[in-house]
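J.: Take a look at this one; I'll ask things after.
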Amino acid sequence: VQLQASGGGLVQAGGSLRLSCAASGPTRRSYGLGWFRQAPGKKREFVALFGWSRGSTYYSDSVKGRFTISRDNAKIAVVLQMNNLKPEDTAVYFCAATNKRPAAGLEIDNLDQYDYWGQGTLVTVSS
């Protein structure tokens, strides 16, 4: 599975950005596609996950209510709509795919449980 992320950029606090992650290859086994982010000097952290089978969505507490993850029906991709951005959202955002399911014990915020990673895309929020 190959993942291609796009859509980062520079925005002022309170603004919006839209990230996209497109998947190709043997995606049939994949449970879901999501996003992690890593700020300078910090560990990579979970942001959001979209589960293909039921359209389930999961968010970290830090982005809940501001970010929305959804499927791009035109292709095998997810979109992360980020609204009301804050300077603390500044990070490199990585898309990731997992083959493990919640019913099988998936820890959605555990990056070790994601099988495929895309390249990062930088999001910078100025104050």
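Each chain of the structure tokens is named A, B, ... in the order shown, its residues numbered from 1; ligands are numbered from 1 in display order.
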Extract, using only C-alpha atoms, all DNA, RNA and protein residues at most 8 Å from Thr57 of chain A, discarding same-chain residues fewer than 6 positions from it, and format them as a PyMOL selection string.

T.: chain A and resi 48-51+69-70

J.: Can you write out the residues you just picked, keeping C-alpha atoms, as a JSON list (two decimals), in the first residue's frame?

T.:
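Contents of result_11.json, freshly written:
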```json
[["chain", "number", "residue", "atom", "x", "y", "z"],
["A", 48, "ALA", "CA", -7.81, 11.13, 13.48],
["A", 49, "LEU", "CA", -8.82, 7.84, 11.87],
["A", 50, "PHE", "CA", -11.49, 6.86, 9.33],
["A", 51, "GLY", "CA", -12.68, 3.25, 9.25],
["A", 69, "ILE", "CA", -12.02, 13.26, 8.71],
["A", 70, "SER", "CA", -14.06, 11.90, 5.84]]
```

J.: Skip segment 77-81 of chain A itself and residues of its chain fewer than 6 positions away, then list as a count of residues only all residues within 9 Å of it, counting only C-alpha atoms.

T.: 21

J.: Would you please extract all helix (DSSP H, G or I) residues from chain A, as assigned by DSSP on the backbone, and give them as a PyMOL selection string?

T.: chain A and resi 87-89+102-104+111-113

J.: Nearest to Gly15 of chain A: which of A:Cys95, A:Leu106, A:Asn83, A:Gln113 is it, counting only C-alpha atoms?

T.: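 Between A:Cys95, A:Leu106, A:Asn83, A:Gln113, the residue approaching Gly15 of chain A most closely is A:Asn83.
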
J.: Within 8 Å of Tyr116 of chain A, counting only C-alpha atoms, which residues qualify if same-chain residues fewer than 4 places away don't, as a ChimeraX atom specification?

T.: /A:1-3,96-98

J.: Mind checking DSSP for chain A and telling me the strand (DSSP E or B) residues as a VMD selection string?

T.: chain A and resid 2 to 6 9 to 12 17 to 24 32 to 38 45 to 51 57 to 59 67 to 72 77 to 82 91 to 98 116 to 126

J.: Go through A:Gly25, A:Pro87, A:Gly65, A:Pro102 and flag the residue nearest Thr124 of chain A, using only C-alpha atoms for the distances.

T.: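 Among the listed residues, the smallest separation from Thr124 of chain A belongs to A:Pro87.
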
J.: Residues at most 9 Å from Lys86 of chain A, counting only C-alpha atoms, excluding those fewer than 6 positions away in the same chain, as a ChimeraX atom specification?

T.: /A:12-15,125-127

J.: Using only C-alpha atoms, which of A:Asp89, A:Asp72, A:Asp115, A:Asp61 sits nearest Tyr31 of chain A?

T.: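 Going through A:Asp89, A:Asp72, A:Asp115, A:Asp61 one by one, the smallest distance to Tyr31 of chain A is for A:Asp115.
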
J.: Pick out the closest residue to Val63 of chain A from this set: A:Gly8, A:Lys43, A:Glu88, A:Lys75. Count only C-alpha atoms.

T.: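 Ranked by minimum distance to Val63 of chain A, first place goes to A:Glu88.
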